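Text of the file run15.csv, holding CSV, C-alpha atoms:
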chain,number,residue,atom,x,y,z
A,92,MET,CA,72.5,67.7,103.7
A,93,PRO,CA,70.2,69.0,106.5
A,94,SER,CA,66.7,67.7,106.4
A,95,HIS,CA,63.8,70.1,106.1
A,96,SER,CA,61.2,67.5,107.1
A,97,SER,CA,58.5,68.4,109.7
A,98,HIS,CA,59.8,65.5,111.7
A,99,SER,CA,63.2,67.1,112.2
A,100,ARG,CA,64.4,67.3,115.8
A,101,LYS,CA,63.7,70.7,117.3
A,102,ALA,CA,66.6,72.5,119.1
A,103,PRO,CA,66.3,72.4,122.8
A,104,LEU,CA,64.9,75.6,124.4
A,105,GLN,CA,67.3,77.8,126.3
A,106,SER,CA,66.2,79.1,129.7
A,107,PRO,CA,65.3,82.8,129.8
A,108,TYR,CA,68.0,83.2,132.4
A,109,ARG,CA,70.7,81.9,130.1
A,110,ILE,CA,69.4,84.0,127.2
A,111,ARG,CA,69.4,87.1,129.5
A,112,ARG,CA,73.0,86.3,130.6
A,113,GLN,CA,74.1,86.1,127.0
A,114,SER,CA,72.4,89.4,126.1
A,115,LEU,CA,73.9,91.2,129.1
A,116,SER,CA,77.4,89.7,128.1
A,117,THR,CA,77.0,90.9,124.5
A,118,LEU,CA,75.8,94.3,125.7
A,119,ARG,CA,78.8,94.7,128.0
A,120,ALA,CA,81.2,93.7,125.2
A,121,ARG,CA,79.6,96.3,122.9
A,122,LEU,CA,79.8,99.0,125.6
A,123,SER,CA,83.4,98.2,126.3
A,124,LEU,CA,84.3,98.4,122.6
A,125,ALA,CA,82.5,101.7,122.4
A,126,VAL,CA,84.5,103.1,125.4
A,127,ILE,CA,87.7,101.8,123.7
A,128,PHE,CA,86.7,103.5,120.5
A,129,GLU,CA,86.4,106.8,122.3
A,130,SER,CA,89.9,106.5,123.7
A,131,VAL,CA,91.9,105.8,120.6
A,132,ALA,CA,92.7,108.0,117.6
A,133,ILE,CA,92.7,105.7,114.6
A,134,ARG,CA,90.3,102.8,114.2
A,135,TRP,CA,91.3,100.3,111.5
A,136,ILE,CA,89.6,97.9,109.2
A,137,VAL,CA,92.1,95.4,107.6
A,138,ILE,CA,91.3,93.7,104.3
A,139,GLY,CA,92.8,90.3,103.9
A,140,VAL,CA,94.3,87.8,106.4
A,141,GLY,CA,97.2,86.4,104.5
A,142,ASP,CA,100.9,85.8,105.2
A,143,ILE,CA,102.1,89.4,105.5
A,144,THR,CA,99.0,90.5,107.3
A,145,THR,CA,99.2,88.0,110.1
A,146,LYS,CA,103.0,88.2,110.4
A,147,ARG,CA,103.4,92.0,110.2
A,148,VAL,CA,100.4,94.2,109.5
A,149,LEU,CA,98.0,93.1,112.2
A,150,PRO,CA,100.8,92.9,114.8
A,151,ALA,CA,101.9,96.4,113.8
A,152,ILE,CA,98.4,97.9,114.2
A,153,LEU,CA,97.9,96.1,117.5
A,154,ALA,CA,101.3,97.4,118.8
A,155,GLU,CA,100.8,101.0,117.6
A,156,PRO,CA,99.6,103.0,120.7
A,157,ARG,CA,97.3,105.3,118.8
A,158,SER,CA,95.6,102.6,116.8
A,159,LEU,CA,92.7,100.1,117.4
A,160,LEU,CA,91.8,97.1,115.2
A,161,ALA,CA,88.1,97.6,114.6
A,162,GLY,CA,87.4,94.8,112.1
A,163,ILE,CA,88.6,92.5,109.3
A,164,VAL,CA,87.3,91.9,105.8
A,165,THR,CA,88.1,88.3,104.7
A,166,ARG,CA,86.6,85.5,102.5
A,167,THR,CA,87.0,83.3,105.6
A,168,PRO,CA,85.5,85.1,108.7
A,169,ALA,CA,86.9,82.5,111.0
A,170,LYS,CA,90.4,83.9,110.4
A,171,ALA,CA,89.3,87.0,112.4
A,172,ASN,CA,88.5,84.9,115.5
A,173,PRO,CA,92.0,85.2,117.1
A,174,TYR,CA,91.7,89.0,117.0
A,175,GLY,CA,88.4,89.3,118.7
A,176,VAL,CA,86.9,91.7,116.2
A,177,PRO,CA,84.0,91.7,113.8
A,178,ALA,CA,84.5,90.2,110.4
A,179,TRP,CA,82.8,90.7,107.1
A,180,THR,CA,83.1,89.1,103.6
A,181,SER,CA,82.0,92.4,102.0
A,182,LEU,CA,84.0,95.7,102.2
A,183,GLU,CA,80.9,97.7,101.3
A,184,ILE,CA,79.0,96.2,104.3
A,185,ALA,CA,82.0,96.6,106.6
A,186,LEU,CA,82.3,100.3,105.7
A,187,ALA,CA,78.6,100.8,106.3
A,188,GLU,CA,78.3,99.0,109.6
A,189,GLN,CA,81.6,99.8,111.4
A,190,GLU,CA,82.9,103.1,112.5
A,191,CYS,CA,86.5,103.4,111.4
A,192,ASP,CA,89.1,106.0,110.3
A,193,ALA,CA,91.5,104.0,108.1
A,194,VAL,CA,91.6,100.9,105.9
A,195,TYR,CA,94.6,98.7,105.3
A,196,VAL,CA,94.3,97.1,101.9
A,197,ALA,CA,96.2,93.8,101.9
A,198,SER,CA,94.3,91.9,99.2
A,199,PRO,CA,95.6,90.6,95.8
A,200,VAL,CA,96.9,93.4,93.6
A,201,ALA,CA,93.9,93.3,91.2
A,202,LEU,CA,91.7,94.5,94.1
A,203,HIS,CA,94.0,97.3,95.3
A,204,ALA,CA,92.5,100.0,93.1
A,205,PRO,CA,88.7,99.2,93.5
A,206,GLN,CA,89.0,98.6,97.3
A,207,THR,CA,91.2,101.7,97.9
A,208,ILE,CA,88.8,103.9,95.8
A,209,ALA,CA,85.8,102.5,97.6
A,210,SER,CA,87.3,103.2,101.0
A,211,LEU,CA,88.4,106.7,100.1
A,212,ARG,CA,85.0,107.6,98.8
A,213,ALA,CA,83.5,106.3,102.1
A,214,GLY,CA,85.6,108.9,103.9
A,215,ARG,CA,88.4,106.6,105.1
A,216,HIS,CA,92.2,107.1,104.9
A,217,VAL,CA,94.0,104.2,103.2
A,218,LEU,CA,97.3,102.4,103.6
A,219,CYS,CA,97.6,100.0,100.7
A,220,GLU,CA,100.0,97.2,100.2
A,221,LYS,CA,102.6,97.3,97.4
A,222,PRO,CA,102.6,97.3,94.4
A,223,MET,CA,100.1,100.2,94.3
A,224,ALA,CA,98.0,98.7,91.5
A,225,MET,CA,97.9,96.6,88.3
A,226,ASN,CA,99.0,99.5,86.2
A,227,TYR,CA,99.8,103.2,86.2
A,228,GLU,CA,96.3,104.2,85.1
A,229,ASP,CA,94.7,102.5,88.1
A,230,ALA,CA,97.4,103.9,90.4
A,231,LEU,CA,96.7,107.4,89.1
A,232,SER,CA,92.9,106.9,89.7
A,233,MET,CA,93.7,106.0,93.3
A,234,GLN,CA,95.7,109.1,93.9
A,235,GLN,CA,93.2,111.4,92.1
A,236,THR,CA,90.4,110.0,94.3
A,237,ALA,CA,92.4,110.7,97.5
A,238,ASP,CA,93.0,114.3,96.3
A,239,GLU,CA,89.3,114.7,95.4
A,240,VAL,CA,87.9,113.5,98.8
A,241,GLY,CA,90.7,115.0,100.9
A,242,ARG,CA,91.9,111.7,102.4
A,243,ILE,CA,95.4,110.4,102.9
A,244,LEU,CA,96.7,107.6,100.7
A,245,SER,CA,99.9,105.8,101.6
A,246,ILE,CA,101.5,102.8,99.9
A,247,ALA,CA,103.5,100.2,102.0
A,248,TYR,CA,106.9,100.7,100.5
A,249,TYR,CA,108.3,100.3,104.0
A,250,ARG,CA,112.0,100.1,103.0
A,251,ARG,CA,111.9,103.9,102.8
A,252,MET,CA,111.7,103.8,106.6
A,253,TYR,CA,114.9,101.7,107.0
A,254,PRO,CA,117.5,103.7,109.0
A,255,GLN,CA,120.3,102.6,106.7
A,256,VAL,CA,118.4,103.9,103.7
A,257,ILE,CA,117.7,107.3,105.3
A,258,ARG,CA,121.4,107.5,106.3
A,259,ALA,CA,122.4,106.6,102.7
A,260,LEU,CA,120.3,109.4,101.3
A,261,GLU,CA,122.0,111.8,103.8
A,262,LEU,CA,125.5,110.5,102.7
A,263,ILE,CA,124.6,111.0,99.0
A,264,ARG,CA,123.5,114.6,99.8
A,265,LEU,CA,126.8,115.2,101.7
A,266,LYS,CA,128.7,114.0,98.6
A,267,ALA,CA,130.3,111.1,100.5
A,268,ILE,CA,130.8,109.3,97.2
A,269,GLY,CA,131.0,112.3,95.0
A,270,GLU,CA,128.3,112.3,92.3
A,271,PRO,CA,126.2,109.1,92.2
A,272,VAL,CA,126.2,107.6,88.7
A,273,PHE,CA,125.1,104.0,89.1
A,274,ALA,CA,123.1,101.8,91.4
A,275,GLU,CA,122.2,98.2,91.4
A,276,ALA,CA,119.9,95.9,93.4
A,277,THR,CA,119.3,92.2,93.3
A,278,SER,CA,116.7,90.1,95.1
A,279,HIS,CA,116.9,86.3,94.3
A,280,TYR,CA,115.1,83.4,95.9
A,281,TRP,CA,113.2,80.3,95.2
A,282,PHE,CA,109.4,80.7,94.8
A,283,CYS,CA,107.4,77.7,93.6
A,284,PRO,CA,104.0,77.6,95.3
A,285,ASP,CA,101.7,74.6,95.3
A,286,PRO,CA,98.2,75.1,93.9
A,287,GLU,CA,96.8,75.0,97.5
A,288,ASP,CA,99.3,77.5,98.8
A,289,GLU,CA,97.6,80.7,99.9
A,290,ARG,CA,100.2,82.6,97.8
A,291,ALA,CA,99.4,80.7,94.6
A,292,TRP,CA,97.7,83.8,93.3
A,293,PHE,CA,101.1,85.4,93.0
A,294,ILE,CA,101.6,83.4,89.7
A,295,ASP,CA,98.1,84.4,88.3
A,296,PRO,CA,98.5,87.4,86.1
A,297,ALA,CA,94.8,88.3,86.5
A,298,MET,CA,95.3,88.7,90.3
A,299,ALA,CA,99.0,89.7,90.7
A,300,GLY,CA,99.7,91.6,87.5
A,301,GLY,CA,103.1,90.1,87.1
A,302,GLY,CA,105.7,87.9,88.8
A,303,PRO,CA,108.8,89.1,90.6
A,304,LEU,CA,108.6,92.4,88.7
A,305,TYR,CA,105.5,93.3,90.8
A,306,ASP,CA,106.4,91.3,93.9
A,307,ILE,CA,110.0,92.3,94.7
A,308,ALA,CA,111.3,94.6,92.0
A,309,SER,CA,108.7,97.2,93.0
A,310,HIS,CA,110.3,97.7,96.4
A,311,ARG,CA,113.8,98.2,94.9
A,312,ILE,CA,112.5,100.5,92.1
A,313,ASP,CA,110.8,102.6,94.8
A,314,LEU,CA,114.0,102.9,96.7
A,315,MET,CA,115.9,104.0,93.6
A,316,ASN,CA,113.2,106.7,93.1
A,317,TYR,CA,113.5,107.7,96.7
A,318,LEU,CA,117.3,108.1,96.4
A,319,PHE,CA,117.6,109.6,93.0
A,320,GLY,CA,114.3,111.4,92.1
A,321,ASN,CA,112.1,111.2,89.1
A,322,PRO,CA,112.7,108.5,86.6
A,323,MET,CA,113.2,109.6,83.0
A,324,ARG,CA,113.3,106.3,81.1
A,325,ALA,CA,112.8,102.7,81.9
A,326,THR,CA,113.0,99.4,80.1
A,327,ALA,CA,113.3,95.7,81.1
A,328,HIS,CA,113.8,92.1,80.0
A,329,LEU,CA,111.3,89.5,81.4
A,330,SER,CA,111.5,85.8,80.8
A,331,ASN,CA,110.8,82.3,82.2
A,332,ALA,CA,114.2,80.7,82.7
A,333,VAL,CA,113.1,77.9,85.0
A,334,HIS,CA,109.5,78.1,86.1
A,335,GLN,CA,107.0,78.1,83.2
A,336,TYR,CA,104.4,80.2,85.0
A,337,ALA,CA,101.8,82.5,83.3
A,338,VAL,CA,103.9,85.3,84.8
A,339,GLU,CA,107.7,85.8,84.4
A,340,ASP,CA,110.1,84.1,86.8
A,341,ASN,CA,112.7,86.8,86.4
A,342,ALA,CA,113.0,90.4,85.4
A,343,THR,CA,115.9,92.9,84.8
A,344,VAL,CA,114.9,96.5,84.9
A,345,ILE,CA,117.0,99.5,83.8
A,346,VAL,CA,116.0,103.0,84.9
A,347,GLU,CA,117.6,106.3,84.1
A,348,TYR,CA,117.1,109.5,86.1
A,349,ASN,CA,117.1,113.2,85.3
A,350,SER,CA,120.1,113.4,87.6
A,351,GLY,CA,122.2,111.2,85.3
A,352,VAL,CA,122.1,108.1,87.5
A,353,ARG,CA,121.4,104.8,85.9
A,354,CYS,CA,120.1,101.8,88.0
A,355,VAL,CA,119.7,98.1,87.4
A,356,VAL,CA,117.2,96.0,89.4
A,357,ASP,CA,117.4,92.2,88.9
A,358,VAL,CA,114.9,90.0,90.6
A,359,ARG,CA,114.4,86.2,90.3
A,360,TRP,CA,112.1,83.5,91.7
A,361,HIS,CA,114.4,80.7,90.5
A,362,SER,CA,117.4,80.9,92.7
A,363,ARG,CA,118.1,78.6,95.6
A,364,VAL,CA,120.9,81.0,96.6
A,365,LEU,CA,119.4,83.9,98.5
A,366,ARG,CA,120.6,87.3,97.4
A,367,ASP,CA,119.6,90.7,98.8
A,368,GLU,CA,122.2,93.2,97.3
A,369,PHE,CA,122.1,97.0,97.1
A,370,ARG,CA,124.9,99.3,96.2
A,371,ILE,CA,125.4,102.8,94.9
A,372,ARG,CA,128.5,103.8,93.0
A,373,GLY,CA,129.7,107.4,92.7
A,374,THR,CA,132.6,109.3,91.1
A,375,ASP,CA,134.6,109.1,94.4
A,376,GLY,CA,133.5,105.9,96.0
A,377,GLU,CA,130.5,103.7,96.8
A,378,ILE,CA,127.9,102.9,99.4
A,379,GLU,CA,127.3,99.2,100.1
A,380,MET,CA,124.0,98.1,101.8
A,381,THR,CA,124.2,94.3,101.3
A,382,PRO,CA,122.2,92.5,102.6
A,383,LEU,CA,119.6,95.3,102.3
A,384,ASN,CA,117.5,93.9,105.1
A,385,SER,CA,120.5,93.7,107.5
A,386,GLY,CA,121.0,97.4,108.2
A,387,VAL,CA,124.7,97.2,107.3
A,388,LEU,CA,126.0,100.4,105.7
A,389,ILE,CA,129.6,100.8,104.3
A,390,TYR,CA,130.9,104.0,102.7
A,391,PRO,CA,134.3,105.7,102.2
A,392,GLY,CA,135.7,106.1,105.7
A,393,GLY,CA,132.9,104.5,107.6
A,394,LYS,CA,130.8,101.5,108.5
A,395,GLU,CA,127.5,101.7,110.4
A,396,GLU,CA,125.0,99.1,111.5
A,397,LEU,CA,121.4,100.5,111.4
A,398,PRO,CA,119.1,97.5,111.6
A,399,PRO,CA,115.4,98.0,110.6
A,400,HIS,CA,112.6,97.6,113.1
A,401,GLU,CA,111.9,93.9,114.1
A,402,ASN,CA,108.5,94.3,112.5
A,403,LEU,CA,109.3,95.8,109.1
A,404,HIS,CA,105.7,97.2,108.7
A,405,TYR,CA,105.6,98.9,112.1
A,406,PRO,CA,107.4,102.1,111.0
A,407,CYS,CA,105.1,102.3,107.9
A,408,VAL,CA,102.0,102.1,110.1
A,409,THR,CA,103.2,104.7,112.6
A,410,ASP,CA,104.3,107.0,109.8
A,411,PHE,CA,100.8,106.8,108.4
A,412,VAL,CA,99.1,107.4,111.7
A,413,SER,CA,101.3,110.4,112.3
A,414,ALA,CA,100.3,111.8,108.9
A,415,VAL,CA,96.6,111.4,109.6
A,416,LEU,CA,96.8,112.8,113.2
A,417,GLU,CA,99.5,115.4,113.0
A,418,GLY,CA,99.7,116.3,109.3
A,419,THR,CA,103.3,115.1,109.0
A,420,GLU,CA,104.6,114.3,105.5
A,421,LEU,CA,104.4,110.6,104.4
A,422,ARG,CA,107.6,108.9,103.5
A,423,SER,CA,105.7,106.7,101.1
A,424,SER,CA,102.6,108.3,99.7
A,425,GLY,CA,100.3,107.5,96.8
A,426,ALA,CA,101.9,110.4,95.0
A,427,THR,CA,105.5,109.0,95.4
A,428,ALA,CA,104.4,105.5,94.5
A,429,LEU,CA,103.1,106.7,91.2
A,430,ALA,CA,106.7,106.9,89.9
A,431,THR,CA,107.2,103.2,90.7
A,432,ALA,CA,103.9,102.3,88.9
A,433,TRP,CA,105.1,104.3,85.9
A,434,VAL,CA,108.5,102.5,85.8
A,435,THR,CA,106.7,99.1,86.0
A,436,ASP,CA,104.4,100.1,83.1
A,437,GLU,CA,107.3,101.3,81.0
A,438,ALA,CA,109.3,98.1,81.8
A,439,ILE,CA,106.5,95.9,80.5
A,440,ARG,CA,105.7,98.0,77.5
A,441,LEU,CA,109.3,98.2,76.4
A,442,SER,CA,110.4,94.7,77.5
A,443,ASN,CA,111.2,91.9,75.1
A,444,GLY,CA,107.5,91.1,74.6
A,445,GLY,CA,107.1,90.1,78.2
A,446,LYS,CA,107.2,86.4,78.9
A,447,SER,CA,109.3,84.3,76.5

Final structure tokens representation of the file:
Amino acid sequence: MPSHSSHSRKAPLQSPYRIRRQSLSTLRARLSLAVIFESVAIRWIVIGVGDITTKRVLPAILAEPRSLLAGIVTRTPAKANPYGVPAWTSLEIALAEQECDAVYVASPVALHAPQTIASLRAGRHVLCEKPMAMNYEDALSMQQTADEVGRILSIAYYRRMYPQVIRALELIRLKAIGEPVFAEATSHYWFCPDPEDERAWFIDPAMAGGGPLYDIASHRIDLMNYLFGNPMRATAHLSNAVHQYAVEDNATVIVEYNSGVRCVVDVRWHSRVLRDEFRIRGTDGEIEMTPLNSGVLIYPGGKEELPPHENLHYPCVTDFVSAVLEGTELRSSGATALATAWVTDEAIRLSNGGKS
């Protein structure tokens, strides 16, 4: 513990010349940043420096030619050092001190709604990580706030930007498999974080909302909504087959659509065999997109390879920037993500009592 005694050693005085050099250096840096700010279109503040942020989100923003990273909000300011931008531990202070146009919310799910709403009310556009919120009510509040203040809200369901998914939707509309009637998606892997793991909050229901239902089923449910329209009914079975977490370690969701399509999404954190399956069956054939992240697309009379961008978040970021600057329609908006939040709520409400 530092001593507060009057006999404590005093810090050595710096020469006025050195202080002046530091002041000039700081001033030049600030002026340079101001010039850069004037030359870009979208200035970003990113909340959270976790696994996805460092691997994808920050690289995507840094690579997007119309974007500039203006600051980071994090519990550990040192994490911002490699990016050479200011850091804050408080979003409120960051929004007050730093000029920016957009906020990327990459915090735990429990913080998505309050941080998104605060950013929107401060006049910023928001791109928020998935799932949208802890529940449908919070998600609805986020979208209503965006509508009220006239700002753009996007949710990072980036698989809507996969070329194979866009092509699959085109094939469905061209009746390449007749009338679609059934679709299925599975995502299985092993997830067992140590208490010190930075992703340990994924198994805390107060922070994450749920287990694989929130983490990986949300992406697949959103794709089903993208392909087949508004969901009409949803239910699910959730349980803990292997890991006795406070959240489920597996979930099977069944969704029915107004179009007559029924889909099943099965997600598991207890499989050492990796699975990433997605297929659509119709009256005259089927579309196979397994593995979903590979870009492979097989359909009656054809096979195409349409791999996603090497940084899966980049198309999502550029889609958002285009919507802000050019008024283009978002592929994944707060409004479209509401349907996924609704399905998740229904799945929990009608499941077999949740965790068993």

- Item | Distance in Å - CA of Ala274 (chain A) versus CA of Cys354 (chain A) |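 These two atoms are separated by 4.5 Å.
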
- Task: Give me the residues within 12 Å of Arg242 (chain A) as a PyMOL selection string, counting only C-alpha atoms and dropping any in the same chain fewer than 5 places off.
- Result: chain A and resi 192-194+207-208+210-218+233-237+411+414-416+418+424-425

- A:Tyr253, A:Phe369, A:Trp360, A:Trp179: which is nearest Arg311 (chain A), counting only C-alpha atoms? A:Phe369

- Distance of CA of Arg147 (chain A) from CA of Val387 (chain A), expressed in Å to one decimal place: 22.1 Å

- Write out as a count of residues only each polymer residue whose atoms come within 10 Å of Asn349 (chain A), counting all atoms listed in the file; drop sequence neighbours fewer than 5 positions from it. 6

- Query: Using only C-alpha atoms, which residues sit within 9 Å of Leu365 (chain A) once same-chain residues fewer than 2 positions away are excluded, as number ranges by chain?
  - Reply: A: 278-281, 362-363, 367

- When you draw a straight line from CA of Pro199 (chain A) to CA of Tyr336 (chain A), how long is it in Å?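 According to the coordinates, CA of Pro199 (chain A) and CA of Tyr336 (chain A) are separated by 17.4 Å.
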
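For the set A:Leu403, A:Ala161, A:Cys283, A:Val355, the residue with the smallest atom-to-atom gap to Lys146 (chain A) is A:Leu403, counting only C-alpha atoms.
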
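Of the listed residues (A:Ile143, A:Ile345, A:Val240, A:Ala276), A:Ile143 comes nearest to Glu220 (chain A); the distances count all atoms listed in the file.
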
- From the list A:Val148, A:Leu318, A:Leu186, A:Val137, the nearest residue to Ile371 (chain A) using only C-alpha atoms is A:Leu318

- Message: Restricting the calculation to all atoms listed in the file: of A:Ala201, A:Leu149, A:Val344, A:Leu314, which residue gets closest to Asp229 (chain A)?
- Response: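 Result for the nearest residue to Asp229 (chain A): A:Ala201.
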
- In terms of all atoms listed in the file, the residue from A:Ala342, A:Ile243, A:Ile257, A:Ala332 at minimal distance from Met380 (chain A) is A:Ile257
